[in-house]
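Structure file data-v3.tsv; described as TSV, C-alpha atoms and all ligand atoms.
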```tsv
chain	number	residue	atom	x	y	z
A	20	THR	CA	107.01	4.14	110.32
A	21	PRO	CA	108.93	1.02	109.33
A	22	TYR	CA	109.11	2.14	105.70
A	23	LEU	CA	111.09	5.28	106.42
A	24	ASN	CA	114.73	5.58	105.39
A	25	THR	CA	115.30	9.30	105.52
A	26	GLU	CA	117.98	11.28	107.27
A	27	TYR	CA	115.92	14.19	108.51
A	28	ILE	CA	112.48	14.36	106.89
A	29	GLY	CA	110.00	12.61	109.19
A	30	ARG	CA	112.62	11.57	111.76
A	31	LYS	CA	110.24	13.25	114.17
A	32	ILE	CA	106.55	12.69	113.55
A	33	LEU	CA	103.92	14.27	115.79
A	34	HIS	CA	100.73	12.33	115.49
A	35	PHE	CA	97.38	13.79	116.51
A	36	ASP	CA	93.94	12.30	116.73
A	37	SER	CA	92.08	15.47	115.86
A	38	ILE	CA	93.30	19.03	115.25
A	39	ASP	CA	92.11	22.04	113.32
A	40	SER	CA	94.67	21.78	110.54
A	41	THR	CA	98.10	20.18	110.28
A	42	ASN	CA	99.30	23.26	108.41
A	43	ILE	CA	98.20	25.57	111.24
A	44	LYS	CA	99.83	23.27	113.82
A	45	ALA	CA	103.03	22.97	111.77
A	46	LYS	CA	103.27	26.76	111.46
A	47	GLU	CA	102.90	27.14	115.24
A	48	PHE	CA	105.64	24.58	115.85
A	49	ALA	CA	107.90	26.10	113.18
A	50	GLN	CA	107.42	29.55	114.69
A	51	ARG	CA	108.49	28.22	118.08
A	52	GLY	CA	111.73	26.84	116.68
A	53	GLU	CA	110.82	23.30	115.71
A	54	GLU	CA	113.52	22.01	113.42
A	55	GLU	CA	113.40	21.17	109.76
A	56	GLY	CA	111.92	17.84	108.82
A	57	THR	CA	109.37	17.49	111.59
A	58	VAL	CA	106.08	16.13	110.33
A	59	ILE	CA	102.63	16.78	111.79
A	60	ILE	CA	99.98	14.15	111.02
A	61	SER	CA	96.38	14.06	112.16
A	62	GLU	CA	93.72	11.39	111.81
A	63	GLU	CA	91.17	14.14	111.36
A	64	GLN	CA	91.16	17.88	110.67
A	65	THR	CA	88.29	20.00	111.88
A	66	LYS	CA	89.40	23.02	109.82
A	67	GLY	CA	91.30	21.49	106.90
A	68	ARG	CA	92.09	24.13	104.33
A	69	GLY	CA	92.74	24.04	100.61
A	70	ARG	CA	94.13	26.57	98.23
A	71	LEU	CA	92.41	29.91	97.64
A	72	GLY	CA	90.79	29.79	101.06
A	73	ARG	CA	88.65	26.75	100.32
A	74	SER	CA	87.88	24.15	102.94
A	75	TRP	CA	89.35	20.66	102.70
A	76	ALA	CA	87.30	17.61	103.67
A	77	SER	CA	89.42	15.67	106.17
A	78	PRO	CA	87.37	12.85	107.71
A	79	LYS	CA	88.73	10.69	110.50
A	80	GLY	CA	90.97	7.70	109.91
A	81	GLU	CA	90.56	7.49	106.17
A	82	GLY	CA	92.97	10.06	104.81
A	83	ILE	CA	96.56	11.19	105.09
A	84	TRP	CA	96.53	14.73	106.43
A	85	MET	CA	100.07	15.86	107.06
A	86	SER	CA	102.44	18.81	106.97
A	87	ILE	CA	106.22	18.97	106.81
A	88	ILE	CA	108.22	21.79	108.39
A	89	LEU	CA	111.02	23.10	106.15
A	90	LYS	CA	113.67	25.76	106.70
A	91	PRO	CA	115.47	26.08	103.39
A	92	ASN	CA	118.00	28.77	102.68
A	93	ILE	CA	116.39	29.93	99.45
A	94	ASN	CA	114.82	33.05	98.03
A	95	PRO	CA	111.21	33.45	99.22
A	96	MET	CA	110.26	33.85	95.55
A	97	ASP	CA	111.26	30.22	95.05
A	98	ALA	CA	108.99	28.83	97.78
A	99	SER	CA	106.46	27.51	95.29
A	100	LYS	CA	109.14	25.10	94.06
A	101	VAL	CA	108.42	23.13	97.22
A	102	THR	CA	104.93	22.43	95.87
A	103	GLN	CA	106.43	20.91	92.71
A	104	ILE	CA	108.71	18.76	94.86
A	105	GLY	CA	105.73	17.61	96.90
A	106	ALA	CA	103.64	16.81	93.84
A	107	ALA	CA	106.48	14.79	92.33
A	108	ALA	CA	107.10	12.95	95.61
A	109	VAL	CA	103.43	12.07	96.10
A	110	CYS	CA	102.87	11.02	92.50
A	111	ASN	CA	106.00	8.84	92.51
A	112	SER	CA	104.96	7.24	95.78
A	113	ILE	CA	101.44	6.43	94.58
A	114	ASN	CA	102.93	5.07	91.36
A	115	GLU	CA	105.29	2.87	93.43
A	116	MET	CA	102.19	1.32	94.98
A	117	GLY	CA	101.15	0.30	91.47
A	118	ILE	CA	98.55	3.03	90.99
A	119	ASP	CA	98.57	5.20	87.85
A	120	ALA	CA	98.17	8.66	89.33
A	121	LEU	CA	99.04	11.79	87.35
A	122	ILE	CA	99.94	15.36	88.31
A	123	LYS	CA	97.67	18.28	87.57
A	124	TRP	CA	99.94	21.32	87.79
A	125	PRO	CA	100.53	22.98	90.14
A	126	ASN	CA	99.33	21.14	93.20
A	127	ASP	CA	96.95	18.26	92.53
A	128	ILE	CA	97.37	14.55	92.05
A	129	VAL	CA	94.59	12.99	90.02
A	130	LEU	CA	93.46	9.46	89.36
A	131	ASN	CA	90.96	8.73	86.59
A	132	ARG	CA	90.69	12.51	86.17
A	133	LYS	CA	89.53	13.06	89.74
A	134	LYS	CA	91.46	14.65	92.56
A	135	VAL	CA	93.05	12.27	95.09
A	136	CYS	CA	95.54	14.69	96.62
A	137	GLY	CA	96.01	18.40	97.10
A	138	ILE	CA	99.06	20.29	98.31
A	139	LEU	CA	99.10	23.59	100.16
A	140	THR	CA	102.45	25.31	100.70
A	141	GLU	CA	102.64	28.21	103.12
A	142	MET	CA	105.59	30.39	103.98
A	143	SER	CA	106.72	32.89	106.56
A	144	ALA	CA	109.46	35.27	105.46
A	145	GLU	CA	110.98	38.57	106.51
A	146	LEU	CA	113.34	40.82	104.57
A	147	ASN	CA	113.89	38.21	101.88
A	148	ILE	CA	114.80	35.54	104.42
A	149	ILE	CA	112.56	32.53	104.87
A	150	ASN	CA	111.64	31.78	108.47
A	151	TYR	CA	109.97	28.55	107.49
A	152	ILE	CA	107.89	26.81	104.88
A	153	VAL	CA	105.12	24.36	105.67
A	154	ILE	CA	104.03	21.96	102.97
A	155	GLY	CA	100.64	20.43	103.64
A	156	ILE	CA	99.73	17.23	101.85
A	157	GLY	CA	96.19	15.86	101.85
A	158	ILE	CA	95.65	12.43	100.35
A	159	ASN	CA	92.27	10.82	100.02
A	160	ALA	CA	93.60	7.38	100.81
A	161	ASN	CA	90.69	5.26	102.01
A	162	ILE	CA	87.78	7.70	101.99
A	163	ARG	CA	84.55	5.92	101.13
A	164	LYS	CA	82.21	8.83	100.59
A	165	PHE	CA	82.57	12.51	99.69
A	166	PRO	CA	80.27	15.45	100.38
A	167	GLU	CA	77.71	16.01	97.63
A	168	ASP	CA	79.26	19.25	96.36
A	169	ILE	CA	82.66	17.72	95.57
A	170	LYS	CA	81.82	14.13	94.72
A	171	ASP	CA	82.18	14.67	90.98
A	172	MET	CA	85.68	16.16	91.33
A	173	ALA	CA	87.13	14.22	94.24
A	174	THR	CA	87.92	10.56	94.71
A	175	SER	CA	90.06	8.33	96.90
A	176	LEU	CA	92.66	5.69	96.11
A	177	LYS	CA	90.37	3.10	97.68
A	178	LEU	CA	87.32	4.10	95.63
A	179	GLU	CA	89.35	3.87	92.42
A	180	ILE	CA	91.35	0.69	93.00
A	181	GLY	CA	88.86	-1.17	95.14
A	182	ASN	CA	91.01	-2.01	98.13
A	183	THR	CA	92.28	-0.38	101.27
A	184	ILE	CA	95.78	1.00	101.01
A	185	SER	CA	98.35	1.06	103.80
A	186	ARG	CA	98.61	4.66	104.92
A	187	LYS	CA	101.83	3.93	106.83
A	188	LYS	CA	103.48	2.52	103.76
A	189	LEU	CA	102.39	5.44	101.61
A	190	VAL	CA	103.54	8.02	104.18
A	191	GLY	CA	106.94	6.29	104.37
A	192	LYS	CA	107.32	6.35	100.61
A	193	ILE	CA	106.29	10.01	100.36
A	194	LEU	CA	108.79	11.11	102.99
A	195	ASN	CA	111.57	9.06	101.34
A	196	ASN	CA	110.83	10.50	97.91
A	197	PHE	CA	110.37	13.98	99.34
A	198	GLU	CA	113.76	14.01	101.07
A	199	GLU	CA	115.58	12.90	97.94
A	200	LEU	CA	113.91	15.54	95.76
A	201	TYR	CA	114.11	18.29	98.38
A	202	ASN	CA	117.85	17.67	98.84
A	203	GLU	CA	118.34	18.71	95.22
A	204	LEU	CA	116.79	22.11	96.02
A	205	VAL	CA	118.81	22.58	99.19
A	206	ASN	CA	122.13	21.37	97.80
A	207	ASN	CA	122.02	22.51	94.17
A	208	ASN	CA	119.25	25.10	94.15
A	209	SER	CA	117.57	23.01	91.47
A	210	ILE	CA	114.37	21.01	91.18
A	211	SER	CA	115.17	19.33	87.89
A	212	LYS	CA	114.39	15.81	89.13
A	213	SER	CA	111.01	16.95	90.44
A	214	LEU	CA	110.22	18.85	87.26
A	215	ASN	CA	111.06	15.85	85.12
A	216	ILE	CA	108.52	13.86	87.10
A	217	CYS	CA	105.99	16.72	86.92
A	218	ARG	CA	106.43	16.87	83.13
A	219	LYS	CA	106.37	13.13	82.55
A	220	LYS	CA	103.31	12.62	84.74
A	221	SER	CA	101.48	15.77	83.74
A	222	ILE	CA	97.84	15.40	82.83
A	223	LEU	CA	97.89	18.89	81.28
A	224	LEU	CA	100.86	19.04	78.90
A	225	GLY	CA	99.79	18.78	75.27
A	226	ASN	CA	96.16	19.36	76.15
A	227	LYS	CA	93.73	22.22	75.97
A	228	VAL	CA	93.14	23.88	79.33
A	229	LYS	CA	91.14	26.67	80.86
A	230	ILE	CA	92.94	28.95	83.26
A	231	ILE	CA	90.94	30.84	85.85
A	232	SER	CA	92.73	33.67	87.56
A	233	ARG	CA	91.12	36.55	89.46
A	234	ASN	CA	87.79	36.10	87.63
A	235	GLN	CA	89.53	36.10	84.27
A	236	GLU	CA	89.53	33.07	82.01
A	237	ILE	CA	92.05	32.09	79.38
A	238	ILE	CA	91.82	29.06	77.12
A	239	GLY	CA	94.98	27.62	75.66
A	240	LYS	CA	97.16	24.61	75.19
A	241	ALA	CA	99.55	23.58	77.95
A	242	ILE	CA	103.00	23.51	76.33
A	243	ASP	CA	105.63	22.98	79.02
A	244	ILE	CA	106.69	23.51	82.60
A	245	THR	CA	109.71	25.81	82.91
A	246	ASN	CA	112.76	25.15	85.05
A	247	GLU	CA	111.28	27.60	87.52
A	248	GLY	CA	108.12	25.52	87.75
A	249	GLU	CA	105.82	27.85	85.78
A	250	LEU	CA	103.29	26.50	83.29
A	251	ILE	CA	103.59	27.77	79.71
A	252	ILE	CA	100.35	27.94	77.79
A	253	GLU	CA	99.75	28.95	74.21
A	254	THR	CA	96.54	30.86	73.58
A	255	GLU	CA	94.48	30.63	70.40
A	256	ASN	CA	96.25	33.57	68.78
A	257	GLY	CA	99.61	31.86	69.25
A	258	LYS	CA	100.72	33.96	72.20
A	259	ARG	CA	102.62	32.18	74.97
A	260	GLU	CA	102.10	32.98	78.61
A	261	LYS	CA	103.91	31.86	81.72
A	262	LEU	CA	101.74	31.12	84.70
A	263	ILE	CA	102.87	31.20	88.29
A	264	SER	CA	101.24	28.58	90.46
A	265	GLY	CA	100.03	30.84	93.25
A	266	GLU	CA	97.26	32.60	91.48
A	267	VAL	CA	95.55	30.23	89.07
A	268	SER	CA	93.15	27.33	88.89
A	269	VAL	CA	93.43	25.06	85.89
A	270	ARG	CA	90.63	23.02	84.33
A	271	GLY	CA	91.08	20.30	81.78
A	272	LEU	CA	88.79	20.65	78.77
A	301	LIG	P1	92.99	23.73	92.68
A	301	LIG	O1	92.53	25.10	92.30
A	301	LIG	O2	93.56	23.65	94.06
A	301	LIG	O3	93.89	23.11	91.65
A	301	LIG	P2	90.56	22.60	91.72
A	301	LIG	O4	89.44	23.54	92.02
A	301	LIG	O5	91.15	22.59	90.36
A	301	LIG	O6	91.70	22.80	92.79
A	301	LIG	P3	88.91	20.29	91.50
A	301	LIG	O7	89.37	18.91	91.36
A	301	LIG	O8	88.35	20.97	90.29
A	301	LIG	O9	90.12	21.12	92.09
A	301	LIG	O10	87.80	20.43	92.63
A	301	LIG	C1	87.89	19.84	93.86
A	301	LIG	C2	87.29	20.81	94.82
A	301	LIG	O11	86.93	20.12	96.00
A	301	LIG	C3	88.30	21.85	95.18
A	301	LIG	O12	87.66	23.06	95.40
A	301	LIG	C4	88.87	21.29	96.45
A	301	LIG	O13	89.42	22.29	97.25
A	301	LIG	C5	87.62	20.67	97.09
A	301	LIG	N1	87.91	19.63	98.10
A	301	LIG	C6	87.64	19.73	99.43
A	301	LIG	N2	88.03	18.64	100.09
A	301	LIG	C7	88.55	17.79	99.16
A	301	LIG	C8	89.13	16.50	99.25
A	301	LIG	N3	89.29	15.84	100.42
A	301	LIG	N4	89.57	15.94	98.10
A	301	LIG	C9	89.44	16.57	96.91
A	301	LIG	N5	88.90	17.79	96.77
A	301	LIG	C10	88.47	18.42	97.88
A	302	LIG	C1	94.20	22.09	97.61
A	302	LIG	O1	94.22	21.26	96.68
A	302	LIG	O2	93.46	23.06	97.60
A	302	LIG	C2	95.17	21.87	98.75
A	302	LIG	C3	94.66	20.93	99.80
A	302	LIG	C4	95.64	20.71	100.94
A	302	LIG	C5	95.10	19.86	102.05
A	302	LIG	C6	96.14	19.50	103.08
A	302	LIG	S1	95.59	18.30	104.25
A	302	LIG	C7	96.99	18.60	105.26
A	302	LIG	C8	97.21	20.10	105.25
A	302	LIG	N1	96.40	20.75	106.25
A	302	LIG	C9	95.49	21.56	105.70
A	302	LIG	O3	94.65	22.23	106.35
A	302	LIG	N2	95.59	21.54	104.37
A	302	LIG	C10	96.65	20.66	103.93
```
For this file, produce the structure as C-alpha cells.
Ligand code: ATP
Ligand code: BTN
Amino acid sequence: TPYLNTEYIGRKILHFDSIDSTNIKAKEFAQRGEEEGTVIISEEQTKGRGRLGRSWASPKGEGIWMSIILKPNINPMDASKVTQIGAAAVCNSINEMGIDALIKWPNDIVLNRKKVCGILTEMSAELNIINYIVIGIGINANIRKFPEDIKDMATSLKLEIGNTISRKKLVGKILNNFEELYNELVNNNSISKSLNICRKKSILLGNKVKIISRNQEIIGKAIDITNEGELIIETENGKREKLISGEVSVRGL
C-alpha cells in the first residue's frame, strides 16, 4: 500500500482472495501469537458477520473487508473504545477523499442516511487481561447492487458519489488515521481525539432517536457522547440515560 505511513498498524497485511470472515481469521492468527498491527484483508467473505449475530454481505472485489489485530494493555471493559477509534478513523478517511460521511454511534458510518460501513470489535480476555482485540471494518466501497432485504438501509460510496473509489488509497488512509488515534489510547489511556470526531460527525446528536435493546424500545433525544464513549439520551420525561454500545441498536426518527 503506497499510501501507508504507519509505524506498526498494517506493516504486515495478509491478503486473501476468499475466506469465511476476516474477523474469524484475525482471531485465529491473534490466538497463535500474531503481533499487534497485523491486518487481514479479503476480497470476499463467505461468512461475513455483523453485530448482534447478523450476516454481512461481502461480495467479491467491490468492498473493503478487513480486520486489525490489537493487543492493548487496557481494561477489558474499555474494549469498546476501539470501536469509537475505528469509526473516527474511517469517517475521517472517507472525508479526506472528499465524501461527506457521518458517524452513527456506535459503529456505523452513513452517507445520505444509508449505511456504508459497519464495525465489529471482538475481544478475548482472561482474568481482566486482554489477550487480543480484533476490530473488523466492512466498507461498501464499490458495491453496485445490494440484496433486496437491505437495499433501503445499505449503500456504497460508488452508488452515492457516482464513481469508483480507490480501495488501496482508502485502506492506507484508514490505517494511518487508525494508528494516530489508537496511539492516544495506548499512550494516554484516552480517546479524546476520536470522541471529538465522533461528536462532530455524529448524525444522532441533537436528534430524536429510537433505541432498541433486548426487545425494549426507548425514544429520546441524543444529547452527548461521554468521555467513555457512551451515548447519553434524554427521554420524554426528562430522564437521562447512558447507553453502552454493546447492547443497543439505534434508529434515527
Ligand atoms: P447496527 O445495529 O449494527 O447499528 P443497524 O441495524 O442500525 O445496524 P441499518 O442501517 O438499520 O443498521 O441496517 C442495515 C442492515 O443490513 C443491518 O442489519 C446490517 O447488519 C445489514 N447488512 C448486511 N450486509 C450489509 C452491508 N454490506 N452493508 C450495510 N448493511 C449490511
Ligand atoms: C455491523 O455493522 O453490524 C458490523 C459489520 C462488520 C463487518 C466487517 S467486514 C470485515 C469484518 N469481518 C466480518 O465478518 N465482519 C467485519
Determine, using only C-alpha atoms, which residues of region 86-187 of chain A have any atom at most 6 Å from an atom of region 48-56 of chain A, and tabulate each with its shortest atom pair and distance in Å to one decimal place, rows ordered by chain and then rising number, as JSON lines.
```
{"residue": "A:Ile88", "atom": "CA", "partner": "A:Glu55", "partner_atom": "CA", "distance": 5.4}
{"residue": "A:Leu89", "atom": "CA", "partner": "A:Glu55", "partner_atom": "CA", "distance": 4.7}
{"residue": "A:Lys90", "atom": "CA", "partner": "A:Glu55", "partner_atom": "CA", "distance": 5.5}
```
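With only C-alpha atoms and all ligand atoms as the atoms that count, the residue of A:Ser264, A:Met116, A:Lys219, A:Ala241 with the shortest distance to ligand LIG 302 (chain A) is A:Ser264.
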Contacts of Leu204 (chain A) within 9 Å, only C-alpha atoms, excl. fewer than 4 positions in-chain, as number ranges by chain: A: 91, 93, 100-101, 104, 200, 208-211
Per-residue nearest contacts of chain A to ligand LIG 302 (chain A) (7 Å; only C-alpha atoms and all ligand atoms) as a Markdown table:
```
| residue | atom | partner | partner_atom | distance |
| --- | --- | --- | --- | --- |
| A:Ser40 | CA | A:LIG302 | O3 | 4.2 |
| A:Thr41 | CA | A:LIG302 | N1 | 4.4 |
| A:Asn42 | CA | A:LIG302 | N1 | 4.4 |
| A:Ile43 | CA | A:LIG302 | O3 | 6.9 |
| A:Lys66 | CA | A:LIG302 | O3 | 6.3 |
| A:Gly67 | CA | A:LIG302 | O3 | 3.5 |
| A:Arg68 | CA | A:LIG302 | O3 | 3.8 |
| A:Gly69 | CA | A:LIG302 | O2 | 3.2 |
| A:Arg70 | CA | A:LIG302 | O2 | 3.6 |
| A:Leu71 | CA | A:LIG302 | O2 | 6.9 |
| A:Arg73 | CA | A:LIG302 | O2 | 6.6 |
| A:Trp75 | CA | A:LIG302 | C5 | 5.8 |
| A:Ser77 | CA | A:LIG302 | S1 | 7.0 |
| A:Trp84 | CA | A:LIG302 | C7 | 4.1 |
| A:Met85 | CA | A:LIG302 | C7 | 4.5 |
| A:Ser86 | CA | A:LIG302 | C8 | 5.7 |
| A:Asn126 | CA | A:LIG302 | O1 | 6.2 |
| A:Asp127 | CA | A:LIG302 | O1 | 5.8 |
| A:Cys136 | CA | A:LIG302 | O1 | 6.7 |
| A:Gly137 | CA | A:LIG302 | O1 | 3.4 |
| A:Ile138 | CA | A:LIG302 | C2 | 4.2 |
| A:Leu139 | CA | A:LIG302 | C2 | 4.5 |
| A:Gly155 | CA | A:LIG302 | C8 | 3.8 |
| A:Ile156 | CA | A:LIG302 | C6 | 4.4 |
| A:Gly157 | CA | A:LIG302 | S1 | 3.5 |
```
Which residues form the shell of 10 Å around ligand LIG 301 (chain A) when you count only C-alpha atoms and all ligand atoms, given as a PDB file with C-alpha atoms, in the frame of the given file?
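result.pdb, written as the output of this step:
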```pdb
ATOM      1  CA  GLY A  67      91.300  21.490 106.900  1.00  0.00           C
ATOM      2  CA  ARG A  68      92.090  24.130 104.330  1.00  0.00           C
ATOM      3  CA  GLY A  69      92.740  24.040 100.610  1.00  0.00           C
ATOM      4  CA  ARG A  70      94.130  26.570  98.230  1.00  0.00           C
ATOM      5  CA  LEU A  71      92.410  29.910  97.640  1.00  0.00           C
ATOM      6  CA  GLY A  72      90.790  29.790 101.060  1.00  0.00           C
ATOM      7  CA  ARG A  73      88.650  26.750 100.320  1.00  0.00           C
ATOM      8  CA  SER A  74      87.880  24.150 102.940  1.00  0.00           C
ATOM      9  CA  TRP A  75      89.350  20.660 102.700  1.00  0.00           C
ATOM     10  CA  ALA A  76      87.300  17.610 103.670  1.00  0.00           C
ATOM     11  CA  SER A  77      89.420  15.670 106.170  1.00  0.00           C
ATOM     12  CA  PRO A  78      87.370  12.850 107.710  1.00  0.00           C
ATOM     13  CA  GLY A  82      92.970  10.060 104.810  1.00  0.00           C
ATOM     14  CA  ILE A  83      96.560  11.190 105.090  1.00  0.00           C
ATOM     15  CA  TRP A  84      96.530  14.730 106.430  1.00  0.00           C
ATOM     16  CA  LYS A 123      97.670  18.280  87.570  1.00  0.00           C
ATOM     17  CA  TRP A 124      99.940  21.320  87.790  1.00  0.00           C
ATOM     18  CA  PRO A 125     100.530  22.980  90.140  1.00  0.00           C
ATOM     19  CA  ASN A 126      99.330  21.140  93.200  1.00  0.00           C
ATOM     20  CA  ASP A 127      96.950  18.260  92.530  1.00  0.00           C
ATOM     21  CA  ILE A 128      97.370  14.550  92.050  1.00  0.00           C
ATOM     22  CA  VAL A 129      94.590  12.990  90.020  1.00  0.00           C
ATOM     23  CA  ARG A 132      90.690  12.510  86.170  1.00  0.00           C
ATOM     24  CA  LYS A 133      89.530  13.060  89.740  1.00  0.00           C
ATOM     25  CA  LYS A 134      91.460  14.650  92.560  1.00  0.00           C
ATOM     26  CA  VAL A 135      93.050  12.270  95.090  1.00  0.00           C
ATOM     27  CA  CYS A 136      95.540  14.690  96.620  1.00  0.00           C
ATOM     28  CA  GLY A 137      96.010  18.400  97.100  1.00  0.00           C
ATOM     29  CA  ILE A 138      99.060  20.290  98.310  1.00  0.00           C
ATOM     30  CA  LEU A 139      99.100  23.590 100.160  1.00  0.00           C
ATOM     31  CA  GLY A 157      96.190  15.860 101.850  1.00  0.00           C
ATOM     32  CA  ILE A 158      95.650  12.430 100.350  1.00  0.00           C
ATOM     33  CA  ASN A 159      92.270  10.820 100.020  1.00  0.00           C
ATOM     34  CA  ALA A 160      93.600   7.380 100.810  1.00  0.00           C
ATOM     35  CA  ILE A 162      87.780   7.700 101.990  1.00  0.00           C
ATOM     36  CA  LYS A 164      82.210   8.830 100.590  1.00  0.00           C
ATOM     37  CA  PHE A 165      82.570  12.510  99.690  1.00  0.00           C
ATOM     38  CA  PRO A 166      80.270  15.450 100.380  1.00  0.00           C
ATOM     39  CA  ASP A 168      79.260  19.250  96.360  1.00  0.00           C
ATOM     40  CA  ILE A 169      82.660  17.720  95.570  1.00  0.00           C
ATOM     41  CA  LYS A 170      81.820  14.130  94.720  1.00  0.00           C
ATOM     42  CA  ASP A 171      82.180  14.670  90.980  1.00  0.00           C
ATOM     43  CA  MET A 172      85.680  16.160  91.330  1.00  0.00           C
ATOM     44  CA  ALA A 173      87.130  14.220  94.240  1.00  0.00           C
ATOM     45  CA  THR A 174      87.920  10.560  94.710  1.00  0.00           C
ATOM     46  CA  SER A 175      90.060   8.330  96.900  1.00  0.00           C
ATOM     47  CA  ILE A 230      92.940  28.950  83.260  1.00  0.00           C
ATOM     48  CA  ILE A 231      90.940  30.840  85.850  1.00  0.00           C
ATOM     49  CA  SER A 232      92.730  33.670  87.560  1.00  0.00           C
ATOM     50  CA  SER A 264     101.240  28.580  90.460  1.00  0.00           C
ATOM     51  CA  GLY A 265     100.030  30.840  93.250  1.00  0.00           C
ATOM     52  CA  GLU A 266      97.260  32.600  91.480  1.00  0.00           C
ATOM     53  CA  VAL A 267      95.550  30.230  89.070  1.00  0.00           C
ATOM     54  CA  SER A 268      93.150  27.330  88.890  1.00  0.00           C
ATOM     55  CA  VAL A 269      93.430  25.060  85.890  1.00  0.00           C
ATOM     56  CA  ARG A 270      90.630  23.020  84.330  1.00  0.00           C
ATOM     57  CA  GLY A 271      91.080  20.300  81.780  1.00  0.00           C
TER      58      GLY A 271
END
```
Could you give me, as a PyMOL selection string, the residues within 8 Å of Val58 (chain A), counting only C-alpha atoms and dropping anything in the same chain fewer than 3 positions from it? chain A and resi 28-29+31-33+45+85-88
Put those residues in a file: C-alpha atoms, as a PDB file, in the coordinates of the input.
```pdb
ATOM      1  CA  ILE A  28     112.480  14.360 106.890  1.00  0.00           C
ATOM      2  CA  GLY A  29     110.000  12.610 109.190  1.00  0.00           C
ATOM      3  CA  LYS A  31     110.240  13.250 114.170  1.00  0.00           C
ATOM      4  CA  ILE A  32     106.550  12.690 113.550  1.00  0.00           C
ATOM      5  CA  LEU A  33     103.920  14.270 115.790  1.00  0.00           C
ATOM      6  CA  ALA A  45     103.030  22.970 111.770  1.00  0.00           C
ATOM      7  CA  MET A  85     100.070  15.860 107.060  1.00  0.00           C
ATOM      8  CA  SER A  86     102.440  18.810 106.970  1.00  0.00           C
ATOM      9  CA  ILE A  87     106.220  18.970 106.810  1.00  0.00           C
ATOM     10  CA  ILE A  88     108.220  21.790 108.390  1.00  0.00           C
TER      11      ILE A  88
END
```
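Of the residues listed (A:Gly80, A:Gly257, A:Gly239, A:Gly105), A:Gly80 shows the shortest atom-to-atom separation from Arg163 (chain A); distances use only C-alpha atoms.
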